[in-house]
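Source file: target_25.txt; contents: compact mmCIF, C-alpha atoms and all ligand atoms.
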# COMPACT_ATOMS: atom_id res chain seq x y z
CA MET U 291 -51.54 18.18 -7.86
CA ARG U 292 -49.43 15.59 -9.72
CA VAL U 293 -45.66 15.91 -9.67
CA LEU U 294 -43.06 13.84 -11.52
CA ALA U 295 -39.42 14.17 -10.46
CA VAL U 296 -36.44 12.79 -12.36
CA GLY U 297 -33.21 12.36 -10.42
CA GLY U 298 -31.41 10.38 -7.79
CA ALA U 299 -32.06 8.18 -4.81
CA THR U 300 -29.33 6.98 -2.51
CA LEU U 301 -28.84 4.95 0.61
CA ASP U 302 -27.72 7.53 3.18
CA ILE U 303 -25.55 6.18 6.00
CA ILE U 304 -25.59 9.01 8.50
CA ASN U 305 -23.13 9.18 11.39
CA ARG U 306 -23.88 11.83 13.98
CA VAL U 307 -20.80 13.16 15.78
CA THR U 308 -20.50 15.78 18.51
CA ALA U 309 -17.98 17.76 16.46
CA PHE U 310 -16.54 17.32 12.97
CA PRO U 311 -13.28 15.29 13.08
CA ASP U 312 -9.82 16.33 11.91
CA GLU U 313 -8.20 14.39 9.09
CA ASP U 314 -6.75 11.05 10.26
CA ASP U 315 -8.79 11.23 13.50
CA GLU U 316 -10.64 8.28 14.91
CA LEU U 317 -13.87 8.93 16.74
CA ARG U 318 -17.03 7.22 17.79
CA ALA U 319 -20.36 8.32 16.37
CA ALA U 320 -23.05 9.34 18.84
CA ALA U 321 -25.68 7.73 16.61
CA GLN U 322 -26.04 6.14 13.21
CA ARG U 323 -28.99 5.65 10.93
CA GLN U 324 -29.53 4.46 7.38
CA CYS U 325 -32.29 5.86 5.25
CA ARG U 326 -33.27 6.79 1.74
CA GLY U 327 -31.79 10.02 0.42
CA GLY U 328 -31.15 11.77 -2.89
CA ASN U 329 -32.35 15.20 -3.93
CA ALA U 330 -35.24 14.31 -6.23
CA THR U 331 -36.76 11.71 -3.93
CA ASN U 332 -36.22 13.94 -0.88
CA THR U 333 -38.20 16.66 -2.63
CA LEU U 334 -40.96 14.19 -3.49
CA VAL U 335 -41.42 12.86 0.04
CA VAL U 336 -41.93 16.43 1.23
CA LEU U 337 -44.38 17.12 -1.59
CA THR U 338 -46.44 14.03 -0.74
CA GLN U 339 -46.73 15.33 2.83
CA LEU U 340 -47.99 18.62 1.39
CA GLY U 341 -50.78 16.69 -0.33
CA HIS U 342 -49.41 16.16 -3.84
CA HIS U 343 -49.43 12.91 -5.83
CA CYS U 344 -45.83 12.19 -6.68
CA SER U 345 -43.98 9.86 -9.04
CA TRP U 346 -40.26 9.25 -9.15
CA ALA U 347 -38.32 8.46 -12.33
CA GLY U 348 -34.82 7.23 -11.54
CA THR U 349 -32.57 4.19 -11.40
CA LEU U 350 -31.65 1.75 -8.65
CA GLY U 351 -29.42 -1.30 -8.40
CA ASP U 352 -30.94 -4.69 -7.65
CA ASP U 353 -29.57 -4.93 -4.12
CA ALA U 354 -30.60 -4.58 -0.50
CA ALA U 355 -30.17 -0.78 -0.58
CA SER U 356 -32.64 -0.48 -3.41
CA ARG U 357 -35.24 -2.35 -1.34
CA VAL U 358 -34.75 0.11 1.55
CA ILE U 359 -35.32 2.97 -0.87
CA MET U 360 -38.37 1.45 -2.56
CA SER U 361 -39.99 0.65 0.76
CA ASP U 362 -39.41 4.19 2.07
CA LEU U 363 -40.93 5.70 -1.08
CA GLN U 364 -43.90 3.38 -0.82
CA GLN U 365 -44.42 4.35 2.82
CA TYR U 366 -44.62 7.98 1.78
CA GLY U 367 -46.96 7.06 -1.07
CA VAL U 368 -44.54 8.05 -3.85
CA ASP U 369 -45.37 6.16 -7.04
CA THR U 370 -42.45 4.04 -8.31
CA GLU U 371 -43.96 2.80 -11.58
CA TRP U 372 -41.29 4.57 -13.63
CA VAL U 373 -38.27 3.36 -11.66
CA THR U 374 -35.66 1.37 -13.60
CA ILE U 375 -33.96 -1.42 -11.65
CA GLN U 376 -30.56 -2.01 -13.23
CA PRO U 377 -29.75 -5.77 -13.29
CA GLY U 378 -26.46 -6.28 -11.43
CA GLY U 379 -26.36 -2.55 -10.63
CA VAL U 380 -25.21 -1.09 -7.32
CA THR U 381 -27.42 1.49 -5.64
CA PRO U 382 -25.59 4.78 -4.91
CA THR U 383 -24.59 5.45 -1.32
CA SER U 384 -23.75 8.56 0.67
CA HIS U 385 -21.65 8.33 3.80
CA ILE U 386 -22.66 11.40 5.74
CA ILE U 387 -21.25 13.04 8.86
CA THR U 388 -23.62 15.37 10.68
CA SER U 389 -22.06 17.54 13.34
CA GLN U 390 -24.04 18.28 16.50
CA ALA U 391 -21.86 21.32 17.13
CA THR U 392 -22.92 23.12 13.96
CA GLY U 393 -25.67 21.08 12.28
CA SER U 394 -23.44 20.81 9.18
CA ARG U 395 -23.59 17.78 6.93
CA THR U 396 -20.58 16.46 5.06
CA ILE U 397 -21.39 14.03 2.27
CA ILE U 398 -19.20 11.44 0.56
CA HIS U 399 -21.25 10.20 -2.33
CA TYR U 400 -20.47 7.09 -4.34
CA ARG U 401 -22.22 6.29 -7.57
CA ASP U 402 -21.57 3.66 -10.20
CA LEU U 403 -24.97 3.28 -11.79
CA PRO U 404 -26.25 4.42 -15.19
CA GLU U 405 -28.46 7.51 -15.22
CA TYR U 406 -32.15 7.34 -16.05
CA ARG U 407 -32.44 6.89 -19.78
CA ILE U 408 -34.36 8.86 -22.36
CA GLU U 409 -35.92 5.59 -23.60
CA ALA U 410 -37.51 5.08 -20.16
CA PHE U 411 -38.52 8.74 -19.88
CA GLU U 412 -40.25 8.67 -23.28
CA LYS U 413 -42.62 5.98 -22.01
CA ILE U 414 -44.08 8.34 -19.38
CA ASP U 415 -47.27 10.14 -20.39
CA LEU U 416 -46.38 13.69 -19.36
CA ASN U 417 -50.03 14.72 -19.68
CA ASN U 418 -50.59 12.97 -16.37
CA TYR U 419 -48.57 15.60 -14.51
CA ASP U 420 -48.98 19.22 -13.47
CA TRP U 421 -45.28 19.60 -12.69
CA ILE U 422 -42.09 17.91 -13.92
CA HIS U 423 -38.97 18.47 -11.83
CA PHE U 424 -35.45 17.56 -12.93
CA GLU U 425 -32.49 17.26 -10.59
CA GLY U 426 -29.74 18.50 -12.93
CA ARG U 427 -27.36 15.56 -13.23
CA GLU U 428 -25.36 13.99 -16.08
CA VAL U 429 -25.82 16.58 -18.80
CA PRO U 430 -26.30 14.49 -21.98
CA ALA U 431 -28.94 12.27 -20.35
CA TYR U 432 -30.82 15.20 -18.79
CA GLU U 433 -30.55 17.31 -21.92
CA ALA U 434 -32.31 14.59 -23.91
CA MET U 435 -35.06 14.23 -21.29
CA LEU U 436 -35.58 17.98 -20.89
CA ARG U 437 -35.74 18.41 -24.65
CA HIS U 438 -38.35 15.66 -24.87
CA ALA U 439 -40.33 17.26 -22.03
CA ARG U 440 -40.12 20.63 -23.77
CA LEU U 441 -41.18 19.38 -27.18
CA THR U 442 -44.00 17.07 -26.07
CA PRO U 443 -47.40 18.77 -25.77
CA HIS U 444 -48.53 18.93 -22.11
CA SER U 445 -49.41 21.65 -19.66
CA ALA U 446 -46.96 20.82 -16.86
CA THR U 447 -44.47 23.36 -15.52
CA ILE U 448 -40.85 22.24 -15.84
CA SER U 449 -38.34 22.96 -13.09
CA LEU U 450 -34.64 22.25 -12.92
CA GLU U 451 -32.29 22.15 -9.95
CA ILE U 452 -28.66 23.06 -10.54
CA GLU U 453 -26.90 22.14 -7.34
CA LYS U 454 -23.35 21.40 -8.37
CA PRO U 455 -21.15 22.36 -11.31
CA ARG U 456 -21.09 19.92 -14.21
CA GLU U 457 -19.63 20.47 -17.64
CA GLY U 458 -22.30 22.19 -19.76
CA ILE U 459 -25.08 22.05 -17.14
CA GLU U 460 -26.08 25.65 -17.95
CA ARG U 461 -27.43 24.34 -21.29
CA LEU U 462 -30.25 22.66 -19.38
CA ALA U 463 -31.50 25.96 -17.98
CA ALA U 464 -32.80 27.07 -21.37
CA MET U 465 -35.42 24.32 -21.29
CA ALA U 466 -36.91 24.96 -17.84
CA ASP U 467 -39.63 27.34 -16.65
CA ILE U 468 -38.15 27.46 -13.16
CA VAL U 469 -34.44 27.13 -12.37
CA ILE U 470 -33.32 26.62 -8.76
CA LEU U 471 -29.64 27.27 -8.24
CA ALA U 472 -27.74 26.25 -5.12
CA LYS U 473 -25.01 28.19 -3.40
CA ALA U 474 -22.55 25.34 -4.02
CA TYR U 475 -22.99 25.91 -7.75
CA ALA U 476 -22.74 29.70 -7.36
CA SER U 477 -19.53 29.43 -5.32
CA SER U 478 -17.99 27.02 -7.83
CA GLN U 479 -18.54 29.66 -10.52
CA GLY U 480 -17.00 32.38 -8.35
CA PHE U 481 -20.25 34.24 -7.60
CA GLU U 482 -20.51 35.84 -4.18
CA ARG U 483 -23.79 37.62 -4.87
CA ALA U 484 -27.03 36.08 -6.07
CA GLN U 485 -27.53 39.01 -8.42
CA ASP U 486 -24.30 38.16 -10.27
CA LEU U 487 -25.37 34.53 -10.50
CA PHE U 488 -28.74 35.56 -11.94
CA ASP U 489 -27.05 37.89 -14.43
CA SER U 490 -24.89 35.05 -15.68
CA ILE U 491 -27.74 32.51 -16.02
CA ARG U 492 -30.32 34.95 -17.36
CA SER U 493 -28.99 35.01 -20.93
CA ARG U 494 -29.40 31.22 -21.07
CA ALA U 495 -32.81 31.09 -19.43
CA GLU U 496 -34.59 34.17 -20.72
CA SER U 497 -38.11 33.12 -19.79
CA ALA U 498 -37.44 31.26 -16.55
CA MET U 499 -38.12 32.30 -12.99
CA LEU U 500 -34.82 31.92 -11.13
CA PHE U 501 -34.31 30.94 -7.51
CA ALA U 502 -31.03 30.80 -5.59
CA THR U 503 -30.52 29.27 -2.15
CA TRP U 504 -27.85 31.02 -0.12
CA GLY U 505 -27.46 28.98 3.09
CA VAL U 506 -27.58 31.09 6.26
CA GLU U 507 -28.22 34.18 4.15
CA GLY U 508 -31.58 32.88 2.98
CA ALA U 509 -32.69 32.75 -0.64
CA TRP U 510 -33.30 34.93 -3.65
CA LEU U 511 -35.57 34.91 -6.62
CA GLN U 512 -35.66 36.76 -9.90
CA THR U 513 -38.92 37.00 -11.81
CA VAL U 514 -39.04 36.70 -15.60
CA ALA U 515 -39.44 40.50 -15.69
CA GLY U 516 -36.12 40.83 -13.87
CA ASP U 517 -37.31 41.87 -10.40
CA THR U 518 -35.16 40.42 -7.64
CA LEU U 519 -36.41 39.52 -4.17
CA HIS U 520 -34.55 38.32 -1.10
CA VAL U 521 -35.82 36.54 2.00
CA PRO U 522 -33.49 36.06 4.99
CA ALA U 523 -33.03 32.55 6.35
CA TYR U 524 -35.53 31.21 8.85
CA HIS U 525 -33.61 30.10 11.94
CA PRO U 526 -35.15 27.29 13.99
CA PRO U 527 -34.72 27.47 17.79
CA GLU U 528 -31.81 25.03 17.43
CA VAL U 529 -30.05 23.85 14.27
CA ILE U 530 -30.18 20.06 14.51
CA ASP U 531 -29.71 18.75 10.97
CA THR U 532 -29.31 20.57 7.66
CA LEU U 533 -29.25 17.41 5.52
CA GLY U 534 -31.74 17.79 2.68
CA ALA U 535 -32.67 21.42 3.48
CA GLY U 536 -32.14 22.41 -0.17
CA ASP U 537 -34.40 19.58 -1.31
CA VAL U 538 -37.08 20.80 1.09
CA PHE U 539 -36.69 24.32 -0.32
CA ASN U 540 -37.31 22.91 -3.80
CA ALA U 541 -40.48 21.22 -2.55
CA GLY U 542 -41.60 24.54 -1.08
CA VAL U 543 -41.06 26.31 -4.39
CA ILE U 544 -42.97 23.67 -6.35
CA ASP U 545 -45.81 23.58 -3.82
CA GLY U 546 -46.10 27.37 -3.74
CA LEU U 547 -46.09 27.81 -7.49
CA LEU U 548 -48.60 24.98 -7.97
CA ALA U 549 -50.88 26.89 -5.62
CA ALA U 550 -50.31 29.96 -7.83
CA SER U 551 -49.09 32.00 -4.87
CA ASP U 552 -47.31 35.23 -5.68
CA PRO U 553 -43.51 34.96 -6.00
CA ALA U 554 -42.75 36.72 -2.71
CA ALA U 555 -45.03 34.36 -0.78
CA VAL U 556 -43.55 31.35 -2.57
CA LEU U 557 -40.04 32.41 -1.60
CA CYS U 558 -41.01 33.12 2.03
CA ASN U 559 -42.74 29.77 2.45
CA ALA U 560 -39.94 27.78 0.83
CA VAL U 561 -37.36 29.47 3.07
CA ARG U 562 -39.50 28.83 6.12
CA LEU U 563 -40.05 25.15 5.24
CA ALA U 564 -36.31 24.62 4.67
CA GLY U 565 -35.43 26.47 7.90
CA GLU U 566 -37.93 24.46 9.94
CA LYS U 567 -36.45 21.28 8.53
CA CYS U 568 -33.05 22.27 9.98
CA GLY U 569 -34.63 22.23 13.44
CA HIS U 570 -35.20 18.47 13.40
CA ARG U 571 -33.79 15.26 11.95
CA GLY U 572 -35.19 13.79 8.75
CA LEU U 573 -37.81 15.02 6.32
CA ARG U 574 -41.06 14.65 8.24
CA ILE U 575 -42.81 17.97 8.26
CA ALA U 576 -45.11 19.10 11.04
C1 LIG U 601 -29.20 15.72 0.48
C2 LIG U 601 -28.88 14.53 -0.40
C3 LIG U 601 -28.66 13.27 0.38
C4 LIG U 601 -27.85 12.47 -0.59
C5 LIG U 601 -27.00 13.52 -1.29
C6 LIG U 601 -26.82 13.23 -2.74
O1 LIG U 601 -29.47 16.84 -0.30
O2 LIG U 601 -29.90 14.32 -1.35
O3 LIG U 601 -29.84 12.64 0.83
O4 LIG U 601 -27.07 11.52 -0.01
O5 LIG U 601 -27.66 14.75 -1.12
O6 LIG U 601 -26.02 14.18 -3.36

Entire entry expressed as structure tokens:
Amino acid sequence: MRVLAVGGATLDIINRVTAFPDEDDELRAAAQRQCRGGNATNTLVVLTQLGHHCSWAGTLGDDAASRVIMSDLQQYGVDTEWVTIQPGGVTPTSHIITSQATGSRTIIHYRDLPEYRIEAFEKIDLNNYDWIHFEGREVPAYEAMLRHARLTPHSATISLEIEKPREGIERLAAMADIVILAKAYASSQGFERAQDLFDSIRSRAESAMLFATWGVEGAWLQTVAGDTLHVPAYHPPEVIDTLGAGDVFNAGVIDGLLAASDPAAVLCNAVRLAGEKCGHRGLRIA
């Protein structure tokens, strides 16, 4: 199936340490690697491995980091026709510490690059896609794109990821068929239970299927009819690297729903895919 995702790409500079440092510590990394990251593109490289034809709509600077990102996407077969290269722009970076002791990932993200613009998005023929996924970012830009996607005739399903709090981001939920909420967002809003999170979002997204990732506790979904399901986390034999696990979950949800699997099976498979990812480094799937 054909999937378009709108959102970010970054250059990830990943330092692996045996244990997370204290503030003002100095320590030597056990290993370092640089690679492409960013939620939307992470989701797409998993979807291409699951057999989908994927396109990315996003912005990059015109620098060395952007060439690393473009070449990685091309290696995975992700179409980059809709990418905007910002003249003089600087590609976003994430300095990431992954801890061998726990598998945790701590991210310092830097971004000084304009968001993807509605004018670029309007040029895309949405009829060419079965699924359009938005990584919920700067609200005015994404609101304009989601509105356009909602009002243009096409038969694609529209999904939205809400990972972090942003002023007014809940407004975007009304325009999506599928909303995937992350625990970081839930915690920022003071929700300790997925059910409370669903209750709060439901009035803004009356006809959406809702998903919520809950870290080691697994994930939840609520159907449009209001039935709630929970699947416990899948634990790999050893937790090696959790970086991008949420993005892999999103790919699992999109893949499952494109295959028209029933909601419980979709949730189980997405949790399993994300859990398996934590058992190894990077986003290659078996
Ligand atoms: C993982 C990730 C990283 C990126 C960061 C951006 O989910 O996409 O690859 O650096 O999050 O917020």

(request) Kindly give the distance, in Å, that separates atom CA of U:Gln339 and atom CA of U:Ala549, rounded to a single decimal. (result)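 Between atom CA of U:Gln339 and atom CA of U:Ala549 the gap works out to 14.9 Å.
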
(request) Extract, using all atoms listed in the file, all DNA, RNA and protein residues at most 12 Å from U:Glu409, discarding same-chain residues fewer than 3 positions from it, and format them as a ChimeraX atom specification. (result) /U:347,372,374,405-406,412-414,431-432,434-435,438

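With distances taken over only C-alpha atoms and all ligand atoms, U:Ile397 is the one residue among U:Ala560, U:Ile397, U:Leu317, U:Val506 lying closest to ligand LIG 601 (chain U).
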
(message) Which residues are close to U:His423, i.e. within 9 Å by only C-alpha atoms, leaving aside same-chain residues fewer than 3 positions away? Reply as number ranges by chain.
(response) U: 293-297, 330, 447-451, 544

(request) Give the residue list for ligand LIG 601 (chain U) at 12 Å, counting only C-alpha atoms and all ligand atoms, as a ChimeraX atom specification, sorted by chain and then by residue number. (result) /U:297-304,324-335,359,381-388,394-401,425-427,451-454,472,474,531-540,564,572-573

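The smallest atom-to-atom distance between U:Phe481 and any of U:Trp504, U:Asp467, U:Leu436, U:Ser345, using all atoms listed in the file, is found for U:Trp504.
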
At a cut-off of 12 Å, using all atoms listed in the file, what residues contact U:Ser445? Leave out same-chain residues fewer than 4 positions from it and give the result as an mmCIF file with C-alpha atoms, in the frame of the given file.
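Result file follows (result-v5.cif):
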data_model
loop_
_atom_site.group_PDB
_atom_site.id
_atom_site.type_symbol
_atom_site.label_atom_id
_atom_site.label_comp_id
_atom_site.auth_asym_id
_atom_site.auth_seq_id
_atom_site.Cartn_x
_atom_site.Cartn_y
_atom_site.Cartn_z
ATOM 1 C CA ARG U 292 -49.430 15.590 -9.720
ATOM 2 C CA ASP U 415 -47.270 10.140 -20.390
ATOM 3 C CA LEU U 416 -46.380 13.690 -19.360
ATOM 4 C CA ASN U 417 -50.030 14.720 -19.680
ATOM 5 C CA ASN U 418 -50.590 12.970 -16.370
ATOM 6 C CA TYR U 419 -48.570 15.600 -14.510
ATOM 7 C CA ASP U 420 -48.980 19.220 -13.470
ATOM 8 C CA TRP U 421 -45.280 19.600 -12.690
ATOM 9 C CA ILE U 422 -42.090 17.910 -13.920
ATOM 10 C CA ALA U 439 -40.330 17.260 -22.030
ATOM 11 C CA ARG U 440 -40.120 20.630 -23.770
ATOM 12 C CA LEU U 441 -41.180 19.380 -27.180
ATOM 13 C CA ASP U 467 -39.630 27.340 -16.650
#

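Pairwise distance (atom CA of U:Met360, atom CA of U:Ile530) equals 26.5 Å.
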
(request) Go through U:Gln512, U:Ser490, U:Asn305, U:Gln376 and flag the residue nearest U:Gln390, using only C-alpha atoms for the distances. (result) U:Asn305

Around stretch 311-330 of chain U, with edges along x, y and z and 5 Å added on all six sides, what centre and edge lengths do you get, in Å to one decimal, as lines of an AutoDock Vina configuration file?
center_x = -21.0
center_y = 10.4
center_z = 6.3
size_x = 38.5
size_y = 21.9
size_z = 35.1

(message) Calculated over all atoms listed in the file, which of the candidates U:Leu557, U:Val307, U:Val543, U:Ala523 has the smallest distance to U:Thr392?
(response)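 Of all the options, U:Val307 lies closest to U:Thr392.
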
(request) Find the residue from U:Thr518, U:Thr513, U:Ser389, U:Thr503 that sits nearest to U:Arg306; use all atoms listed in the file when measuring. (result)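 Nearest candidate to U:Arg306 out of U:Thr518, U:Thr513, U:Ser389, U:Thr503: U:Ser389.
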
Skipping near chain neighbours, those fewer than 3 positions away, what residues fall within 8 Å of U:Val529 using all atoms listed in the file, listed as a tab-separated table (two decimals) with C-alpha atoms, in the frame of the given file?
chain	number	residue	atom	x	y	z
U	392	THR	CA	-22.92	23.12	13.96
U	393	GLY	CA	-25.67	21.08	12.28
U	525	HIS	CA	-33.61	30.10	11.94
U	526	PRO	CA	-35.15	27.29	13.99
U	532	THR	CA	-29.31	20.57	7.66
U	568	CYS	CA	-33.05	22.27	9.98
U	569	GLY	CA	-34.63	22.23	13.44
U	570	HIS	CA	-35.20	18.47	13.40

(message) Between atom CA of U:Ala463 and atom CA of U:Gly546, what distance in Å does the model show, to one decimal?
(response)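 If I compute the distance from atom CA of U:Ala463 to atom CA of U:Gly546, I get 20.4 Å.
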
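Residues in contact with U:Leu337 at up to 8 Å, not including ones fewer than 4 positions away on its chain and judged by all atoms listed in the file, are Thr333, Gly341, His342, His343, Cys344, Ala541, Gly542 and Asp545 of chain U.
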